[in-house]
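Participant: Below are the structure tokens for one structure; questions will follow.
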Amino acid sequence: QVQLVESGGGLVQAGGSLRLSCATSGFTFGSYAMGWFRQAPGKEREFVAAIRGSGTFVYYADSVKGRFTISRDNAANTVYLQMNGLKPEDTAVYYCAAAPATSSWFRGAGSEYAYWGQGTQVTVSS
């Protein structure tokens with residue numbers, strides 16, 4: 001059974017940091033690209049960051065570039081999102097997702113991702 005479980009969300013002041021984790025099981029983690037997406041109230045889900053299965057290539061949305069860092073530990077089947085310099089507009093539910101290596105995962109389209117977690121809330125106060 002495939003599972004993706006996010007953790008690390010919470011309430012933080014603007015300028016602060018959070019580190020999200022996504023622990024996975026039930027699929028061959030290293031064979032999948034992993035991505036983070038977010039959805040704010042009343043808005044559509046948007047791409048945040050993605051990382052190749054080997055970890056050798058990463059891709060970020062312009063809105064988080066230079067502030068967020070995606071990484072993965074293939075031995076632990078876990079992907080991370082380090083978020084620094086948080087802004088109120090970063091407030092959203094954050095989801096991790098897994099895409100087959102053969103997909104166009106780097107385009108940031110949610111449709112390329114086969115497995116999804118339940119999400120973790122991040123709230124940034126001004």
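Residue names in the structure tokens use chain letters A, B, ... in the order shown, residue numbers from 1 in each chain, and ligand numbers from 1 in the order shown.
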I'd like the contact shell of segment 19-22 of chain A - 7 Å cut-off, only C-alpha atoms, skipping same-chain residues fewer than 3 positions apart - returned as a ChimeraX atom specification.
Facilitator: /A:4-9,78-83,96
Participant: Using DSSP secondary structure from the backbone, list all strand (DSSP E or B) positions within chain A, as a PyMOL selection string.
Facilitator: chain A and resi 3-7+10-13+18-25+32-39+46-51+58-60+68-73+78-83+92-100+115-116+120-125
Participant: Skipping near chain neighbours, those fewer than 5 positions away, what residues fall within 10 Å of Arg107 of chain A using only C-alpha atoms, listed as a PDB file with all heavy atoms, in the first residue's frame?
Facilitator:
```pdb
ATOM      1  N   PHE A  47       2.401  24.236  -8.091  1.00  0.00           N
ATOM      2  CA  PHE A  47       3.687  23.563  -7.955  1.00  0.00           C
ATOM      3  C   PHE A  47       4.635  24.409  -7.119  1.00  0.00           C
ATOM      4  O   PHE A  47       4.677  25.633  -7.252  1.00  0.00           O
ATOM      5  CB  PHE A  47       4.266  23.324  -9.346  1.00  0.00           C
ATOM      6  CG  PHE A  47       5.689  22.873  -9.355  1.00  0.00           C
ATOM      7  CD1 PHE A  47       6.016  21.562  -9.062  1.00  0.00           C
ATOM      8  CD2 PHE A  47       6.710  23.760  -9.663  1.00  0.00           C
ATOM      9  CE1 PHE A  47       7.333  21.147  -9.068  1.00  0.00           C
ATOM     10  CE2 PHE A  47       8.024  23.355  -9.676  1.00  0.00           C
ATOM     11  CZ  PHE A  47       8.339  22.047  -9.377  1.00  0.00           C
ATOM     12  N   ALA A  50      10.443  20.279  -7.135  1.00  0.00           N
ATOM     13  CA  ALA A  50      10.534  18.864  -7.479  1.00  0.00           C
ATOM     14  C   ALA A  50      11.982  18.453  -7.544  1.00  0.00           C
ATOM     15  O   ALA A  50      12.878  19.283  -7.767  1.00  0.00           O
ATOM     16  CB  ALA A  50       9.831  18.579  -8.806  1.00  0.00           C
ATOM     17  N   TYR A  59      14.025  21.482  -9.309  1.00  0.00           N
ATOM     18  CA  TYR A  59      13.285  22.494 -10.060  1.00  0.00           C
ATOM     19  C   TYR A  59      12.360  23.207  -9.083  1.00  0.00           C
ATOM     20  O   TYR A  59      11.723  22.569  -8.261  1.00  0.00           O
ATOM     21  CB  TYR A  59      12.488  21.815 -11.168  1.00  0.00           C
ATOM     22  CG  TYR A  59      11.720  22.739 -12.052  1.00  0.00           C
ATOM     23  CD1 TYR A  59      12.364  23.593 -12.931  1.00  0.00           C
ATOM     24  CD2 TYR A  59      10.324  22.766 -12.007  1.00  0.00           C
ATOM     25  CE1 TYR A  59      11.642  24.459 -13.738  1.00  0.00           C
ATOM     26  CE2 TYR A  59       9.603  23.618 -12.818  1.00  0.00           C
ATOM     27  CZ  TYR A  59      10.267  24.452 -13.683  1.00  0.00           C
ATOM     28  OH  TYR A  59       9.560  25.299 -14.486  1.00  0.00           O
ATOM     29  N   GLU A 112       1.067  14.756 -13.648  1.00  0.00           N
ATOM     30  CA  GLU A 112       2.198  13.844 -13.856  1.00  0.00           C
ATOM     31  C   GLU A 112       2.492  13.003 -12.621  1.00  0.00           C
ATOM     32  O   GLU A 112       3.259  12.065 -12.676  1.00  0.00           O
ATOM     33  CB  GLU A 112       3.446  14.641 -14.236  1.00  0.00           C
ATOM     34  CG  GLU A 112       3.321  15.416 -15.527  1.00  0.00           C
ATOM     35  CD  GLU A 112       3.261  14.521 -16.750  1.00  0.00           C
ATOM     36  OE1 GLU A 112       3.681  13.354 -16.669  1.00  0.00           O
ATOM     37  OE2 GLU A 112       2.754  14.996 -17.792  1.00  0.00           O
TER      38      GLU A 112
END
```
Participant: Pick from A:Gly26, A:Gly16, A:Pro41, A:Gly55: nearest to Gln1 of chain A, with only C-alpha atoms counted?
Facilitator: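 Closest candidate: A:Gly26.
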Participant: Atom CA of Val93 of chain A to atom CA of Lys65 of chain A: how many Å, to one decimal?
Facilitator: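 Interatomic distance, atom CA of Val93 of chain A to atom CA of Lys65 of chain A: 18.6 Å.
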Participant: If we count only C-alpha atoms and set the cut-off at 12 Å, which residues sit around Trp116 of chain A, ignoring sequence neighbours fewer than 2 positions away in its own chain? Please answer as a list in words.
Facilitator: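 That gives Val2, Gln3, Leu4, Val5, Glu6, Cys22, Ala23, Thr24, Ser25, Met34, Gly35, Trp36, Phe37, Arg38, Tyr94, Tyr95, Cys96, Ala97, Ala98, Ala99, Gly110, Ser111, Glu112, Tyr113, Ala114, Gln118, Gly119 and Thr120 of chain A.
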